[in-house]
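Asker: Here you go, one structure.
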Amino acid sequence: MKKITLLLALLVSCTIGISQSLTTQQLARKFDGALSLYFYKNTLRMLNQSESKEFDDLIKDIEKMKFVMIDKADKLDGKAYKALTNEYKKESFEPVMTSRHQGRNFDIFVKDKKGSPLGTVVLVNDSTSLIVLDIIGTMDITKAYTLFNTIDNSTDIGNRIKNFVDKDKKKNKD
Amino acid sequence: MKKLISAVALVTLAQVAFAQHDAISKFFTKYQNDETFSQVTVSSKMFNMFTNLEMDKKEDQEVLNAISKLKGLRILAKEEARNSRELYKEALGMLPMKEFEELMSVRDKDKDMKFFIKETSPGKIGELVMVAGGNDEFMVLSLFGEIDLKQIGKIGASMHIDGLDELKKIDEKKN
């Protein structure tokens with residue numbers, strides 16, 4: 001039964017492609033003002049300030065993660081979002097889970113080969129911004145919210161996100 | 001014109017099929033745009049990813065096979081809900097009781113939970129619905145596909161979803 005439980009965590013798990021999605025790369029290039037960050041295993045470990053075992057388990061098999069944040073004021077409307085999800089589908093990413101929590105919508109896509117996952121993309125969408133987590137490695141995607149929340153609450157990363165949003169608000173005022 | 005009629009027929013069929021798979025879709029439809037609710041939808045693709053996995057133990061393989069036959073999962077939940085009891089009653093009222101039978105009910109000191117199943121053939125369940133209402137929290141869950149009654153307790157325990165793990169009590173009663 002323990003094995004099944006572990007597998008269910010894998011249910012849900014995603015492994016690993018050699019490179020990140022082309023769509024994510026193009027998205028970051030298309031929006032000049034996008035905030036792009038790379039997280040490696042050690043960087044993710046540094047975010048775990050509370051030394052949560054659950055978070056350590058969550059990130060232990062993530063090799064690399066690209067984080068892209070785009071302000072919706074940069075002409076990223078519902079139509080553009082739909083087009084973006086279609087681009088991921090063209091790359092053989094399939095939707096496996098959608099969720100909404102505290103005003104944020106999560107769309108999770110997995111690319112696999114005969115049941116073996118090759119990559120995962122998590123799109124986090126709220127009223128002001130779109131965030132893409134493009135993951136190389138394995139993680140329990142039912143815990144995508146925990147991963148996102150930890151990044152969001154991390155002081156340094158959180159400040160960079162806040163600065164990014166403030167910069168765009170200022171730009172819009174001008 | 002024929003193509004249009006065929007397309008309309010297909011759309012209608014798809015809607016009917018979806019409605020059959022998800023008895024409380026009306027409830028979901030009503031509250032899906034209400035941002036005070038959290039929601040989760042898991043597609044069949046997620047469950048299909050289990051199809052090619054192999055386990056050492058026969059017992060584990062049986063549970064895995066059972067999970068791979070699931071077609072979807074939907075959850076709608078509300079925390080800090082003052083109207084949780086009303087939502088609980090409303091969800092139960094929307095469930096077509098002619099199609100479902102009660103599998104189990106749990107009454108905790110601050111929470112009520114009811115599980116319903118829709119049997120498609122003897123021992124095979126097409127849908128499992130869980131409705132839970134507490135003093136300030138509410139959740140409705142619909143799991144559909146081909147659900148093996150013998151494995152339902154283990155499936156519930158594997159899912160790590162609050163409330164669904166109560167299904168293991170069915171196995172405990174069996175033993």
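Convention: chains lettered A, B, ... in structure tokens order; per-chain residue numbering from 1; ligands numbered from 1 as shown.
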Kindly determine which residues of chain B lie within 9 Å of chain A, considering only C-alpha atoms, and give the answer as a PyMOL selection string.
Answerer: chain B and resi 35-53+55+59-61+63-64+67+75+154+157-160
Asker: Store the residues of this selection in a file with N, CA and C atoms, as a CSV table (one decimal), in the first residue's frame.
Answerer:
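What ended up in again_19.csv:
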```csv
chain,number,residue,atom,x,y,z
B,35,GLU,N,-15.3,33.2,-6.9
B,35,GLU,CA,-13.9,33.1,-6.4
B,35,GLU,C,-13.7,32.8,-5.0
B,36,THR,N,-14.8,32.8,-4.2
B,36,THR,CA,-14.7,32.4,-2.8
B,36,THR,C,-14.5,30.9,-2.6
B,37,PHE,N,-14.8,30.1,-3.7
B,37,PHE,CA,-14.7,28.7,-3.7
B,37,PHE,C,-13.3,28.3,-4.3
B,38,SER,N,-12.7,27.3,-3.7
B,38,SER,CA,-11.5,26.7,-4.4
B,38,SER,C,-12.0,25.5,-5.2
B,39,GLN,N,-11.3,25.3,-6.3
B,39,GLN,CA,-11.7,24.2,-7.1
B,39,GLN,C,-10.5,23.4,-7.7
B,40,VAL,N,-10.7,22.2,-7.9
B,40,VAL,CA,-9.7,21.3,-8.6
B,40,VAL,C,-10.4,20.4,-9.6
B,41,THR,N,-9.8,20.3,-10.7
B,41,THR,CA,-10.2,19.4,-11.7
B,41,THR,C,-9.0,18.5,-12.2
B,42,VAL,N,-9.2,17.2,-12.1
B,42,VAL,CA,-8.1,16.3,-12.6
B,42,VAL,C,-8.6,15.6,-13.8
B,43,SER,N,-7.9,15.6,-14.9
B,43,SER,CA,-8.3,15.0,-16.1
B,43,SER,C,-8.0,13.5,-16.2
B,44,SER,N,-8.6,12.8,-17.2
B,44,SER,CA,-8.3,11.3,-17.3
B,44,SER,C,-6.8,11.1,-17.7
B,45,LYS,N,-6.2,12.1,-18.3
B,45,LYS,CA,-4.8,11.9,-18.6
B,45,LYS,C,-3.9,11.6,-17.4
B,46,MET,N,-4.2,12.3,-16.3
B,46,MET,CA,-3.5,12.0,-15.1
B,46,MET,C,-3.6,10.6,-14.7
B,47,PHE,N,-4.8,10.0,-14.7
B,47,PHE,CA,-5.0,8.6,-14.3
B,47,PHE,C,-4.4,7.7,-15.3
B,48,ASN,N,-4.5,8.1,-16.6
B,48,ASN,CA,-4.0,7.2,-17.6
B,48,ASN,C,-2.5,6.9,-17.5
B,49,MET,N,-1.8,7.9,-16.8
B,49,MET,CA,-0.4,7.7,-16.7
B,49,MET,C,0.0,6.5,-15.8
B,50,PHE,N,-1.0,6.0,-15.2
B,50,PHE,CA,-0.7,4.8,-14.4
B,50,PHE,C,-0.8,3.5,-15.1
B,51,THR,N,-1.3,3.6,-16.3
B,51,THR,CA,-1.6,2.4,-17.1
B,51,THR,C,-0.4,1.5,-17.3
B,52,ASN,N,0.7,2.1,-17.6
B,52,ASN,CA,1.9,1.3,-18.0
B,52,ASN,C,2.8,1.0,-16.8
B,53,LEU,N,2.4,1.4,-15.6
B,53,LEU,CA,3.3,1.1,-14.5
B,53,LEU,C,3.1,-0.3,-14.0
B,55,MET,N,3.8,-3.1,-10.7
B,55,MET,CA,4.2,-3.2,-9.3
B,55,MET,C,4.6,-4.7,-9.0
B,59,GLU,N,-1.3,-7.2,-4.9
B,59,GLU,CA,-2.3,-6.3,-4.3
B,59,GLU,C,-2.1,-4.8,-4.7
B,60,ASP,N,-0.8,-4.4,-4.8
B,60,ASP,CA,-0.5,-3.1,-5.2
B,60,ASP,C,-0.9,-2.9,-6.7
B,61,GLN,N,-0.6,-3.9,-7.5
B,61,GLN,CA,-1.0,-3.8,-8.9
B,61,GLN,C,-2.5,-3.6,-9.1
B,63,VAL,N,-4.6,-2.2,-7.1
B,63,VAL,CA,-5.0,-0.9,-6.8
B,63,VAL,C,-4.6,0.1,-7.9
B,64,LEU,N,-3.4,-0.1,-8.4
B,64,LEU,CA,-2.9,0.7,-9.5
B,64,LEU,C,-3.8,0.6,-10.7
B,67,ILE,N,-6.9,2.5,-10.2
B,67,ILE,CA,-6.7,4.0,-10.3
B,67,ILE,C,-6.6,4.4,-11.8
B,75,ILE,N,-13.3,18.8,-7.6
B,75,ILE,CA,-13.5,19.2,-6.2
B,75,ILE,C,-13.9,20.7,-6.1
B,154,LYS,N,-9.0,1.6,-0.6
B,154,LYS,CA,-7.5,1.8,-0.9
B,154,LYS,C,-7.3,3.0,-1.8
B,157,ALA,N,-7.7,6.0,0.3
B,157,ALA,CA,-6.5,6.2,1.2
B,157,ALA,C,-5.3,6.8,0.4
B,158,SER,N,-5.2,6.4,-0.9
B,158,SER,CA,-4.1,6.8,-1.7
B,158,SER,C,-4.2,8.2,-2.2
B,159,MET,N,-5.4,8.8,-2.2
B,159,MET,CA,-5.6,10.1,-2.8
B,159,MET,C,-5.1,11.3,-2.0
B,160,HIS,N,-4.9,11.1,-0.7
B,160,HIS,CA,-4.5,12.2,0.1
B,160,HIS,C,-5.4,13.4,0.0
```
Asker: Mind listing the strand (DSSP E) residues of segment 111-175 of chain B, per DSSP on the backbone, as a ChimeraX atom specification?
Answerer: /B:111-121,124-134,138-148
Asker: Excluding same-chain residues fewer than 4 positions from Leu27 of chain A, what lies within 9 Å of it counting only C-alpha atoms, as JSON, numbers by chain?
Answerer: {"A": [22, 23, 31, 34, 68, 84]}
Asker: Please, could you write that set of residues out with N, CA and C atoms as a short mmCIF file (atom, residue, chain, number, x, y, z; two decimals), in the first residue's frame?
Answerer:
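Result file is result_22.cif:
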```
data_model
loop_
_atom_site.label_atom_id
_atom_site.label_comp_id
_atom_site.auth_asym_id
_atom_site.auth_seq_id
_atom_site.Cartn_x
_atom_site.Cartn_y
_atom_site.Cartn_z
N LEU A 22 9.76 24.95 -25.51
CA LEU A 22 10.05 26.00 -26.50
C LEU A 22 9.06 27.15 -26.32
N THR A 23 7.82 26.80 -26.00
CA THR A 23 6.79 27.82 -25.81
C THR A 23 7.17 28.77 -24.68
N PHE A 31 7.82 38.88 -24.42
CA PHE A 31 7.50 39.97 -23.49
C PHE A 31 8.80 40.49 -22.88
N ALA A 34 9.26 40.86 -19.15
CA ALA A 34 9.01 39.68 -18.31
C ALA A 34 10.16 39.46 -17.32
N VAL A 68 8.89 32.39 -15.07
CA VAL A 68 8.65 33.58 -15.92
C VAL A 68 7.41 34.29 -15.40
N LEU A 84 -1.66 30.70 -25.83
CA LEU A 84 -0.47 30.16 -25.14
C LEU A 84 -0.68 28.69 -24.77
#
```
Asker: With only C-alpha atoms as the atoms that count, which of B:Gly134, B:Ile117, B:Asn33, B:Asn65 lies nearest to Met97 of chain B?
Answerer: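 That would be B:Ile117, the residue with the smallest distance to Met97 of chain B.
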Asker: For atom CA of Glu166 of chain B and atom CA of Lys114 of chain B, quote the distance in Å rounded to one decimal.
Answerer: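 Atom CA of Lys114 of chain B lies 10.2 Å from atom CA of Glu166 of chain B.
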Asker: What's the separation between atom CA of Ser127 of chain A and atom CA of Lys78 of chain B, in Å to one decimal place?
Answerer: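 For atom CA of Ser127 of chain A relative to atom CA of Lys78 of chain B, the distance reads 20.1 Å.
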Asker: For atom CA of Arg45 of chain A and atom CA of Asp126 of chain A, determine how far apart the two atoms are, in Å to one decimal place.
Answerer: 26.2 Å
Asker: Using the chain letters and numbers from this document, which residues of segment 13-95 of chain A does DSSP assign to alpha helix (DSSP H), as an NGL selection string?
Answerer: :A and (22-30 or 41-47 or 53-59 or 78-90)
Asker: For segment 37-41 of chain A, find every residue with an atom within 8 Å (counting only C-alpha atoms), except residues of its own chain fewer than 3 positions away, and show them as a list of chain:residue names.
Answerer: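 Selected residues are A:Leu44, A:Arg45, A:Ile59, A:Lys60, A:Ile62, A:Glu63, A:Lys64, A:Met65, A:Lys66, A:Phe67, A:Val68.
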Asker: Considering only C-alpha atoms, return as a PyMOL selection string whatever protein or nucleic-acid residues lie within 7 Å of Phe138 of chain B, sequence-local ones (same chain, fewer than 5 positions apart) excluded.
Answerer: chain B and resi 77-79+84+88+132-133
Asker: Extract, using only C-alpha atoms, all DNA, RNA and protein residues at most 6 Å from Ser129 of chain A, discarding same-chain residues fewer than 2 positions from it, and format them as a ChimeraX atom specification.
Answerer: /A:70-72,126
Asker: What's the 9 Å shell around Pro96 of chain B, counting only C-alpha atoms, without same-chain residues fewer than 3 positions away, as a count of residues only?
Answerer: 6
Asker: Go through B:Lys169, B:Arg74, B:Ile155, B:Ser25 and flag the residue nearest Ser105 of chain B, using only C-alpha atoms for the distances.
Answerer: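 Nearest to Ser105 of chain B: B:Lys169.
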